[in-house]
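J.: The following file, query.csv, comprises CSV, N, CA and C atoms:
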chain,number,residue,atom,x,y,z
A,1,GLN,N,0.8,-1.2,0.0
A,1,GLN,CA,0.0,0.0,0.0
A,1,GLN,C,0.9,1.2,0.0
A,2,VAL,N,0.6,2.1,-0.9
A,2,VAL,CA,1.4,3.4,-1.1
A,2,VAL,C,0.6,4.5,-0.3
A,3,GLN,N,1.4,5.2,0.6
A,3,GLN,CA,0.8,6.3,1.3
A,3,GLN,C,1.5,7.6,0.9
A,4,LEU,N,0.8,8.6,0.6
A,4,LEU,CA,1.3,9.9,0.2
A,4,LEU,C,0.8,10.9,1.2
A,5,VAL,N,1.7,11.7,1.8
A,5,VAL,CA,1.4,12.7,2.7
A,5,VAL,C,1.9,14.1,2.3
A,6,GLU,N,0.9,15.0,2.0
A,6,GLU,CA,1.2,16.3,1.5
A,6,GLU,C,1.4,17.3,2.7
A,7,SER,N,2.2,18.3,2.5
A,7,SER,CA,2.3,19.4,3.4
A,7,SER,C,2.7,20.7,2.7
A,8,GLY,N,2.6,21.8,3.4
A,8,GLY,CA,3.1,23.1,2.8
A,8,GLY,C,2.0,24.0,2.3
A,9,GLY,N,0.7,23.6,2.3
A,9,GLY,CA,-0.3,24.4,1.9
A,9,GLY,C,-0.6,25.6,2.9
A,10,GLY,N,-1.4,26.5,2.5
A,10,GLY,CA,-1.8,27.6,3.4
A,10,GLY,C,-2.4,28.7,2.7
A,11,LEU,N,-2.4,29.9,3.4
A,11,LEU,CA,-3.0,31.1,2.8
A,11,LEU,C,-1.8,32.0,2.5
A,12,VAL,N,-1.9,32.6,1.3
A,12,VAL,CA,-0.8,33.5,0.8
A,12,VAL,C,-1.5,34.6,-0.1
A,13,GLN,N,-0.9,35.7,-0.1
A,13,GLN,CA,-1.3,36.8,-0.9
A,13,GLN,C,-0.9,36.6,-2.4
A,14,ALA,N,-1.7,37.2,-3.3
A,14,ALA,CA,-1.3,37.1,-4.7
A,14,ALA,C,0.1,37.6,-4.9
A,15,GLY,N,0.8,36.9,-5.7
A,15,GLY,CA,2.2,37.3,-5.9
A,15,GLY,C,3.2,36.5,-5.0
A,16,GLY,N,2.7,35.9,-4.0
A,16,GLY,CA,3.5,35.2,-3.1
A,16,GLY,C,3.9,33.8,-3.6
A,17,SER,N,4.6,33.1,-2.7
A,17,SER,CA,5.1,31.7,-3.0
A,17,SER,C,4.7,30.7,-1.9
A,18,LEU,N,4.6,29.5,-2.3
A,18,LEU,CA,4.5,28.4,-1.4
A,18,LEU,C,5.2,27.2,-2.0
A,19,ARG,N,5.7,26.3,-1.1
A,19,ARG,CA,6.3,25.1,-1.5
A,19,ARG,C,5.6,23.9,-0.9
A,20,LEU,N,5.0,23.1,-1.8
A,20,LEU,CA,4.4,21.9,-1.3
A,20,LEU,C,5.3,20.7,-1.3
A,21,SER,N,5.2,19.8,-0.4
A,21,SER,CA,6.0,18.6,-0.3
A,21,SER,C,5.0,17.4,-0.2
A,22,CYS,N,5.5,16.3,-0.8
A,22,CYS,CA,4.7,15.1,-0.7
A,22,CYS,C,5.7,13.9,-0.4
A,23,ALA,N,5.5,13.4,0.8
A,23,ALA,CA,6.4,12.3,1.3
A,23,ALA,C,5.7,11.0,1.0
A,24,ALA,N,6.4,10.1,0.3
A,24,ALA,CA,5.8,8.8,-0.1
A,24,ALA,C,6.4,7.7,0.8
A,25,SER,N,5.5,6.7,1.1
A,25,SER,CA,5.9,5.6,1.9
A,25,SER,C,6.6,4.5,1.2
A,26,ILE,N,6.9,4.7,-0.1
A,26,ILE,CA,7.5,3.7,-0.9
A,26,ILE,C,8.8,4.3,-1.5
A,27,SER,N,9.6,3.4,-2.0
A,27,SER,CA,10.8,3.9,-2.7
A,27,SER,C,10.4,4.4,-4.1
A,28,MET,N,10.6,5.7,-4.3
A,28,MET,CA,10.2,6.3,-5.6
A,28,MET,C,11.2,5.9,-6.7
A,29,ASP,N,11.1,4.7,-7.2
A,29,ASP,CA,12.0,4.3,-8.3
A,29,ASP,C,11.4,4.7,-9.6
A,30,SER,N,12.1,4.3,-10.7
A,30,SER,CA,11.8,4.8,-12.0
A,30,SER,C,10.4,4.3,-12.5
A,31,ARG,N,9.8,3.4,-11.8
A,31,ARG,CA,8.5,2.9,-12.2
A,31,ARG,C,7.4,4.0,-11.9
A,32,TYR,N,7.7,4.9,-11.1
A,32,TYR,CA,6.7,5.9,-10.6
A,32,TYR,C,6.9,7.2,-11.3
A,33,ALA,N,5.8,7.7,-11.9
A,33,ALA,CA,5.6,9.1,-12.2
A,33,ALA,C,4.9,9.8,-11.1
A,34,MET,N,5.5,10.9,-10.6
A,34,MET,CA,4.9,11.6,-9.5
A,34,MET,C,4.3,12.9,-10.0
A,35,GLY,N,3.1,13.2,-9.5
A,35,GLY,CA,2.5,14.4,-10.0
A,35,GLY,C,1.7,15.2,-9.0
A,36,TRP,N,1.4,16.4,-9.3
A,36,TRP,CA,0.5,17.3,-8.5
A,36,TRP,C,-0.7,17.6,-9.3
A,37,TYR,N,-1.9,17.4,-8.7
A,37,TYR,CA,-3.2,17.8,-9.3
A,37,TYR,C,-3.8,18.8,-8.4
A,38,ARG,N,-4.8,19.5,-8.9
A,38,ARG,CA,-5.6,20.4,-8.0
A,38,ARG,C,-7.1,20.4,-8.4
A,39,GLN,N,-7.9,20.7,-7.4
A,39,GLN,CA,-9.3,20.7,-7.6
A,39,GLN,C,-9.9,21.9,-6.9
A,40,ALA,N,-10.4,22.8,-7.7
A,40,ALA,CA,-11.1,24.0,-7.2
A,40,ALA,C,-12.5,23.7,-7.0
A,41,PRO,N,-13.2,24.5,-6.1
A,41,PRO,CA,-14.6,24.2,-5.8
A,41,PRO,C,-15.4,24.3,-7.1
A,42,GLY,N,-16.3,23.2,-7.4
A,42,GLY,CA,-17.1,23.2,-8.5
A,42,GLY,C,-16.4,22.9,-9.8
A,43,LYS,N,-15.1,22.5,-9.7
A,43,LYS,CA,-14.4,22.2,-10.9
A,43,LYS,C,-13.8,20.8,-10.9
A,44,GLN,N,-13.4,20.2,-12.0
A,44,GLN,CA,-12.8,18.9,-12.0
A,44,GLN,C,-11.4,19.0,-11.6
A,45,ARG,N,-10.9,17.9,-11.1
A,45,ARG,CA,-9.5,17.8,-10.8
A,45,ARG,C,-8.7,17.9,-12.0
A,46,GLU,N,-7.6,18.6,-12.0
A,46,GLU,CA,-6.7,18.8,-13.2
A,46,GLU,C,-5.3,18.6,-12.8
A,47,LEU,N,-4.5,18.2,-13.8
A,47,LEU,CA,-3.1,18.0,-13.7
A,47,LEU,C,-2.4,19.4,-13.6
A,48,VAL,N,-1.5,19.5,-12.6
A,48,VAL,CA,-0.7,20.7,-12.5
A,48,VAL,C,0.7,20.5,-13.1
A,49,ALA,N,1.3,19.4,-12.6
A,49,ALA,CA,2.6,19.1,-13.1
A,49,ALA,C,2.9,17.6,-12.8
A,50,GLN,N,3.8,17.1,-13.6
A,50,GLN,CA,4.1,15.7,-13.4
A,50,GLN,C,5.6,15.5,-13.8
A,51,ILE,N,6.3,14.6,-13.0
A,51,ILE,CA,7.7,14.3,-13.3
A,51,ILE,C,7.8,12.8,-13.4
A,52,THR,N,8.3,12.2,-14.4
A,52,THR,CA,8.4,10.8,-14.6
A,52,THR,C,9.6,10.2,-13.9
A,53,GLY,N,9.8,8.9,-13.9
A,53,GLY,CA,10.9,8.3,-13.3
A,53,GLY,C,12.2,8.6,-14.0
A,54,SER,N,12.1,9.1,-15.3
A,54,SER,CA,13.3,9.5,-16.0
A,54,SER,C,13.5,11.0,-16.0
A,55,SER,N,12.7,11.7,-15.1
A,55,SER,CA,12.7,13.1,-14.9
A,55,SER,C,12.2,13.9,-16.0
A,56,SER,N,11.4,13.3,-16.9
A,56,SER,CA,10.7,14.2,-17.9
A,56,SER,C,9.6,14.9,-17.2
A,57,ILE,N,9.4,16.2,-17.5
A,57,ILE,CA,8.4,17.0,-16.8
A,57,ILE,C,7.4,17.6,-17.7
A,58,ASN,N,6.2,17.6,-17.2
A,58,ASN,CA,5.0,18.2,-17.9
A,58,ASN,C,4.3,19.2,-17.0
A,59,TYR,N,4.0,20.3,-17.5
A,59,TYR,CA,3.2,21.3,-16.8
A,59,TYR,C,1.9,21.7,-17.5
A,60,ALA,N,0.9,22.1,-16.7
A,60,ALA,CA,-0.3,22.7,-17.3
A,60,ALA,C,0.1,24.0,-17.8
A,61,ASP,N,-0.5,24.5,-18.9
A,61,ASP,CA,-0.2,25.7,-19.5
A,61,ASP,C,-0.4,26.9,-18.5
A,62,SER,N,-1.3,26.8,-17.6
A,62,SER,CA,-1.6,27.8,-16.7
A,62,SER,C,-0.6,28.1,-15.6
A,63,VAL,N,0.3,27.1,-15.4
A,63,VAL,CA,1.4,27.3,-14.4
A,63,VAL,C,2.8,27.3,-14.9
A,64,LYS,N,2.9,27.2,-16.2
A,64,LYS,CA,4.3,27.2,-16.8
A,64,LYS,C,5.0,28.5,-16.5
A,65,GLY,N,6.2,28.4,-16.1
A,65,GLY,CA,7.0,29.6,-15.8
A,65,GLY,C,6.8,30.1,-14.4
A,66,ARG,N,5.8,29.5,-13.7
A,66,ARG,CA,5.6,30.0,-12.3
A,66,ARG,C,5.8,28.8,-11.3
A,67,PHE,N,5.5,27.6,-11.7
A,67,PHE,CA,5.6,26.4,-10.8
A,67,PHE,C,6.8,25.6,-11.3
A,68,THR,N,7.4,24.9,-10.3
A,68,THR,CA,8.5,24.0,-10.6
A,68,THR,C,8.3,22.7,-9.8
A,69,ILE,N,8.3,21.6,-10.5
A,69,ILE,CA,8.1,20.3,-9.8
A,69,ILE,C,9.5,19.6,-9.8
A,70,SER,N,9.8,19.0,-8.7
A,70,SER,CA,11.1,18.2,-8.5
A,70,SER,C,10.9,17.0,-7.6
A,71,ARG,N,11.8,16.1,-7.7
A,71,ARG,CA,11.7,14.9,-6.9
A,71,ARG,C,13.1,14.6,-6.3
A,72,ASP,N,13.1,14.1,-5.1
A,72,ASP,CA,14.3,13.6,-4.4
A,72,ASP,C,14.0,12.2,-4.1
A,73,ASN,N,14.6,11.3,-5.0
A,73,ASN,CA,14.3,9.9,-4.8
A,73,ASN,C,14.9,9.3,-3.5
A,74,ALA,N,16.0,9.9,-3.1
A,74,ALA,CA,16.7,9.5,-1.8
A,74,ALA,C,15.8,9.7,-0.6
A,75,LYS,N,15.0,10.8,-0.7
A,75,LYS,CA,14.1,11.1,0.4
A,75,LYS,C,12.7,10.7,0.1
A,76,ASN,N,12.4,10.1,-1.0
A,76,ASN,CA,11.1,9.7,-1.4
A,76,ASN,C,10.1,10.8,-1.3
A,77,THR,N,10.5,11.9,-1.8
A,77,THR,CA,9.7,13.1,-1.7
A,77,THR,C,9.6,13.9,-3.0
A,78,VAL,N,8.4,14.4,-3.3
A,78,VAL,CA,8.3,15.2,-4.5
A,78,VAL,C,7.8,16.6,-4.0
A,79,TYR,N,8.3,17.6,-4.7
A,79,TYR,CA,8.0,19.0,-4.3
A,79,TYR,C,7.3,19.8,-5.5
A,80,LEU,N,6.6,20.8,-5.1
A,80,LEU,CA,6.0,21.7,-6.0
A,80,LEU,C,6.3,23.1,-5.5
A,81,GLN,N,7.2,23.8,-6.2
A,81,GLN,CA,7.5,25.2,-5.8
A,81,GLN,C,6.6,26.1,-6.6
A,82,MET,N,5.8,26.9,-5.9
A,82,MET,CA,4.8,27.7,-6.6
A,82,MET,C,5.1,29.2,-6.3
A,83,ASN,N,5.4,29.9,-7.4
A,83,ASN,CA,5.8,31.3,-7.3
A,83,ASN,C,4.7,32.2,-8.1
A,84,SER,N,4.7,33.4,-7.8
A,84,SER,CA,3.8,34.4,-8.5
A,84,SER,C,2.4,33.8,-8.4
A,85,LEU,N,2.0,33.4,-7.3
A,85,LEU,CA,0.6,32.8,-7.1
A,85,LEU,C,-0.5,33.8,-7.4
A,86,LYS,N,-1.6,33.3,-8.0
A,86,LYS,CA,-2.7,34.0,-8.4
A,86,LYS,C,-3.9,33.5,-7.7
A,87,PRO,N,-5.0,34.3,-7.5
A,87,PRO,CA,-6.2,33.8,-6.9
A,87,PRO,C,-6.8,32.6,-7.5
A,88,GLU,N,-6.6,32.5,-8.8
A,88,GLU,CA,-7.1,31.3,-9.6
A,88,GLU,C,-6.3,30.1,-9.3
A,89,ASP,N,-5.2,30.2,-8.6
A,89,ASP,CA,-4.5,29.0,-8.1
A,89,ASP,C,-5.1,28.3,-6.9
A,90,THR,N,-6.1,29.0,-6.3
A,90,THR,CA,-6.7,28.5,-5.1
A,90,THR,C,-7.4,27.2,-5.4
A,91,ALA,N,-7.1,26.2,-4.6
A,91,ALA,CA,-7.6,24.8,-4.8
A,91,ALA,C,-7.0,23.9,-3.7
A,92,VAL,N,-7.6,22.7,-3.7
A,92,VAL,CA,-6.9,21.6,-2.9
A,92,VAL,C,-6.0,20.9,-3.8
A,93,TYR,N,-4.7,20.8,-3.4
A,93,TYR,CA,-3.7,20.2,-4.2
A,93,TYR,C,-3.4,18.8,-3.7
A,94,TYR,N,-3.4,17.9,-4.7
A,94,TYR,CA,-3.2,16.5,-4.4
A,94,TYR,C,-1.9,15.9,-5.0
A,95,CYS,N,-1.3,15.1,-4.2
A,95,CYS,CA,-0.1,14.4,-4.7
A,95,CYS,C,-0.6,13.1,-5.3
A,96,ASN,N,0.1,12.7,-6.4
A,96,ASN,CA,-0.3,11.4,-7.1
A,96,ASN,C,1.0,10.7,-7.4
A,97,ALA,N,0.9,9.4,-7.2
A,97,ALA,CA,1.9,8.4,-7.7
A,97,ALA,C,1.3,7.5,-8.7
A,98,HIS,N,1.9,7.5,-9.9
A,98,HIS,CA,1.4,6.6,-10.9
A,98,HIS,C,2.4,5.6,-11.2
A,99,ARG,N,2.1,4.3,-10.9
A,99,ARG,CA,3.1,3.3,-11.1
A,99,ARG,C,2.8,2.6,-12.5
A,100,ILE,N,3.9,2.5,-13.3
A,100,ILE,CA,3.7,1.9,-14.6
A,100,ILE,C,3.4,0.4,-14.6
A,101,TRP,N,4.2,-0.3,-13.8
A,101,TRP,CA,4.0,-1.8,-13.7
A,101,TRP,C,4.5,-2.3,-12.4
A,102,PRO,N,3.6,-3.1,-11.7
A,102,PRO,CA,2.2,-3.3,-12.0
A,102,PRO,C,1.5,-2.0,-11.9
A,103,SER,N,0.5,-1.8,-12.7
A,103,SER,CA,-0.1,-0.5,-12.8
A,103,SER,C,-0.9,-0.1,-11.5
A,104,GLY,N,-0.8,1.1,-11.2
A,104,GLY,CA,-1.5,1.6,-10.0
A,104,GLY,C,-1.5,3.1,-9.9
A,105,ASP,N,-2.5,3.7,-9.2
A,105,ASP,CA,-2.6,5.1,-9.0
A,105,ASP,C,-2.9,5.3,-7.5
A,106,TYR,N,-2.1,6.2,-6.9
A,106,TYR,CA,-2.3,6.5,-5.5
A,106,TYR,C,-2.3,8.0,-5.3
A,107,TRP,N,-3.1,8.3,-4.2
A,107,TRP,CA,-3.4,9.7,-4.0
A,107,TRP,C,-3.1,10.1,-2.5
A,108,GLY,N,-2.7,11.3,-2.3
A,108,GLY,CA,-2.6,11.8,-1.0
A,108,GLY,C,-4.0,12.4,-0.6
A,109,GLN,N,-4.0,12.9,0.7
A,109,GLN,CA,-5.3,13.4,1.2
A,109,GLN,C,-5.6,14.8,0.8
A,110,GLY,N,-4.6,15.5,0.2
A,110,GLY,CA,-4.8,16.9,-0.3
A,110,GLY,C,-4.4,17.9,0.7
A,111,THR,N,-3.9,19.1,0.2
A,111,THR,CA,-3.6,20.2,1.0
A,111,THR,C,-4.2,21.5,0.4
A,112,GLN,N,-4.8,22.3,1.2
A,112,GLN,CA,-5.5,23.5,0.7
A,112,GLN,C,-4.5,24.6,0.5
A,113,VAL,N,-4.6,25.2,-0.7
A,113,VAL,CA,-3.9,26.4,-1.1
A,113,VAL,C,-4.9,27.5,-1.4
A,114,THR,N,-4.8,28.6,-0.6
A,114,THR,CA,-5.7,29.7,-0.8
A,114,THR,C,-4.9,31.0,-1.1
A,115,VAL,N,-5.2,31.6,-2.2
A,115,VAL,CA,-4.4,32.8,-2.7
A,115,VAL,C,-5.4,34.0,-2.6
A,116,SER,N,-5.1,34.9,-1.8
A,116,SER,CA,-6.0,36.1,-1.6
A,116,SER,C,-5.6,37.2,-2.6
A,117,SER,N,-6.6,38.0,-3.0
A,117,SER,CA,-6.2,39.1,-4.0
A,117,SER,C,-5.9,40.4,-3.2
If you took the structure in this file and wrote it as structure tokens, what would it be?

T.:
Amino acid sequence: QVQLVESGGGLVQAGGSLRLSCAASISMDSRYAMGWYRQAPGKQRELVAQITGSSSINYADSVKGRFTISRDNAKNTVYLQMNSLKPEDTAVYYCNAHRIWPSGDYWGQGTQVTVSS
């Protein structure tokens, strides 16, 4: 069973920064793509950023140039550095671990990010 624990959310003013962390209970080897998703009230969950086991990175267009995803396999932790935050970034942010083989998807409990204008 994979457990993911997020931390680092909170309330910040527009233009500010936050750094989210996600600690995994498993060894984050190359089989795992790690990602951050978010869900705002009344909206569907959407991909924010993903980093594969080979460190290929994909960002949502809305966060390119502002957010940076990284992973520390030695610490089994993935990070999301969020800069120049906007009110529209307000959402619950979820950590995801996608295992290629055997296939599996795992989610954290979510952490609230609120950006005030």

J.: Between A:Gln112, A:Ser7, A:Ser25, A:Gln13, which has the minimum distance to Asn76 in chain A (counting all atoms listed in the file)?

T.: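 The closest residue to Asn76 in chain A is A:Ser25.
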
J.: Residues near Arg19 in chain A, anyone? I mean within 6 Å using only C-alpha atoms, not counting same-chain ones fewer than 3 positions away, as a list in words.

T.: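 The contact residues come out as Gly8, Leu80, Gln81 and Met82 of chain A.
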
J.: Determine which residues of range 6-117 of chain A receive a DSSP assignment of strand (DSSP E or B), computed from the backbone, and state them as a ChimeraX atom specification.

T.: /A:6-7,10-13,18-24,32-39,46-51,57-59,67-72,77-82,91-99,104-107,111-116

J.: Using only C-alpha atoms, pick whichever of A:Ser84, A:Trp101, A:Ser21, A:Ala60 has the shortest atom-to-atom distance to Glu6 in chain A.

T.: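 Distance minimum relative to Glu6 in chain A lands on A:Ser21.
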
J.: Rank nothing, just name the residue among A:Asn83, A:Ser103, A:Leu18, A:Ser116 nearest to Arg66 in chain A, using only N, CA and C atoms.

T.: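 Nearest candidate to Arg66 in chain A out of A:Asn83, A:Ser103, A:Leu18, A:Ser116: A:Asn83.
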
J.: Set the distance at 7 Å and use all atoms listed in the file: which residues neighbour Gly53 in chain A once local chain neighbours fewer than 5 positions away are removed? I'd like the list as a PDB file with N, CA and C atoms, keeping the file's coordinate frame.

T.:
ATOM      1  N   ASP A  29      11.100   4.700  -7.200  1.00  0.00           N
ATOM      2  CA  ASP A  29      12.000   4.300  -8.300  1.00  0.00           C
ATOM      3  C   ASP A  29      11.400   4.700  -9.600  1.00  0.00           C
ATOM      4  N   SER A  30      12.100   4.300 -10.700  1.00  0.00           N
ATOM      5  CA  SER A  30      11.800   4.800 -12.000  1.00  0.00           C
ATOM      6  C   SER A  30      10.400   4.300 -12.500  1.00  0.00           C
ATOM      7  N   ARG A  31       9.800   3.400 -11.800  1.00  0.00           N
ATOM      8  CA  ARG A  31       8.500   2.900 -12.200  1.00  0.00           C
ATOM      9  C   ARG A  31       7.400   4.000 -11.900  1.00  0.00           C
ATOM     10  N   TYR A  32       7.700   4.900 -11.100  1.00  0.00           N
ATOM     11  CA  TYR A  32       6.700   5.900 -10.600  1.00  0.00           C
ATOM     12  C   TYR A  32       6.900   7.200 -11.300  1.00  0.00           C
ATOM     13  N   ALA A  33       5.800   7.700 -11.900  1.00  0.00           N
ATOM     14  CA  ALA A  33       5.600   9.100 -12.200  1.00  0.00           C
ATOM     15  C   ALA A  33       4.900   9.800 -11.100  1.00  0.00           C
ATOM     16  N   MET A  34       5.500  10.900 -10.600  1.00  0.00           N
ATOM     17  CA  MET A  34       4.900  11.600  -9.500  1.00  0.00           C
ATOM     18  C   MET A  34       4.300  12.900 -10.000  1.00  0.00           C
TER      19      MET A  34
END

J.: Rebuild N, CA, C and O atoms on range 90-102 of chain A, as a PDB file, keeping the file's coordinate frame?

T.:
ATOM      1  N   THR A  90      -6.100  29.000  -6.300  1.00  0.00           N
ATOM      2  CA  THR A  90      -6.700  28.500  -5.100  1.00  0.00           C
ATOM      3  C   THR A  90      -7.400  27.200  -5.400  1.00  0.00           C
ATOM      4  O   THR A  90      -8.216  27.051  -6.312  1.00  0.00           O
ATOM      5  N   ALA A  91      -7.100  26.200  -4.600  1.00  0.00           N
ATOM      6  CA  ALA A  91      -7.600  24.800  -4.800  1.00  0.00           C
ATOM      7  C   ALA A  91      -7.000  23.900  -3.700  1.00  0.00           C
ATOM      8  O   ALA A  91      -6.129  24.280  -2.975  1.00  0.00           O
ATOM      9  N   VAL A  92      -7.600  22.700  -3.700  1.00  0.00           N
ATOM     10  CA  VAL A  92      -6.900  21.600  -2.900  1.00  0.00           C
ATOM     11  C   VAL A  92      -6.000  20.900  -3.800  1.00  0.00           C
ATOM     12  O   VAL A  92      -6.323  20.537  -4.960  1.00  0.00           O
ATOM     13  N   TYR A  93      -4.700  20.800  -3.400  1.00  0.00           N
ATOM     14  CA  TYR A  93      -3.700  20.200  -4.200  1.00  0.00           C
ATOM     15  C   TYR A  93      -3.400  18.800  -3.700  1.00  0.00           C
ATOM     16  O   TYR A  93      -3.246  18.553  -2.520  1.00  0.00           O
ATOM     17  N   TYR A  94      -3.400  17.900  -4.700  1.00  0.00           N
ATOM     18  CA  TYR A  94      -3.200  16.500  -4.400  1.00  0.00           C
ATOM     19  C   TYR A  94      -1.900  15.900  -5.000  1.00  0.00           C
ATOM     20  O   TYR A  94      -1.641  16.211  -6.159  1.00  0.00           O
ATOM     21  N   CYS A  95      -1.300  15.100  -4.200  1.00  0.00           N
ATOM     22  CA  CYS A  95      -0.100  14.400  -4.700  1.00  0.00           C
ATOM     23  C   CYS A  95      -0.600  13.100  -5.300  1.00  0.00           C
ATOM     24  O   CYS A  95      -1.449  12.421  -4.785  1.00  0.00           O
ATOM     25  N   ASN A  96       0.100  12.700  -6.400  1.00  0.00           N
ATOM     26  CA  ASN A  96      -0.300  11.400  -7.100  1.00  0.00           C
ATOM     27  C   ASN A  96       1.000  10.700  -7.400  1.00  0.00           C
ATOM     28  O   ASN A  96       1.980  11.224  -7.863  1.00  0.00           O
ATOM     29  N   ALA A  97       0.900   9.400  -7.200  1.00  0.00           N
ATOM     30  CA  ALA A  97       1.900   8.400  -7.700  1.00  0.00           C
ATOM     31  C   ALA A  97       1.300   7.500  -8.700  1.00  0.00           C
ATOM     32  O   ALA A  97       0.368   6.782  -8.346  1.00  0.00           O
ATOM     33  N   HIS A  98       1.900   7.500  -9.900  1.00  0.00           N
ATOM     34  CA  HIS A  98       1.400   6.600 -10.900  1.00  0.00           C
ATOM     35  C   HIS A  98       2.400   5.600 -11.200  1.00  0.00           C
ATOM     36  O   HIS A  98       3.539   5.935 -11.693  1.00  0.00           O
ATOM     37  N   ARG A  99       2.100   4.300 -10.900  1.00  0.00           N
ATOM     38  CA  ARG A  99       3.100   3.300 -11.100  1.00  0.00           C
ATOM     39  C   ARG A  99       2.800   2.600 -12.500  1.00  0.00           C
ATOM     40  O   ARG A  99       1.683   2.273 -12.813  1.00  0.00           O
ATOM     41  N   ILE A 100       3.900   2.500 -13.300  1.00  0.00           N
ATOM     42  CA  ILE A 100       3.700   1.900 -14.600  1.00  0.00           C
ATOM     43  C   ILE A 100       3.400   0.400 -14.600  1.00  0.00           C
ATOM     44  O   ILE A 100       2.524  -0.060 -15.227  1.00  0.00           O
ATOM     45  N   TRP A 101       4.200  -0.300 -13.800  1.00  0.00           N
ATOM     46  CA  TRP A 101       4.000  -1.800 -13.700  1.00  0.00           C
ATOM     47  C   TRP A 101       4.500  -2.300 -12.400  1.00  0.00           C
ATOM     48  O   TRP A 101       5.564  -2.022 -11.930  1.00  0.00           O
ATOM     49  N   PRO A 102       3.600  -3.100 -11.700  1.00  0.00           N
ATOM     50  CA  PRO A 102       2.200  -3.300 -12.000  1.00  0.00           C
ATOM     51  C   PRO A 102       1.500  -2.000 -11.900  1.00  0.00           C
ATOM     52  O   PRO A 102       1.817  -1.158 -11.053  1.00  0.00           O
TER      53      PRO A 102
END
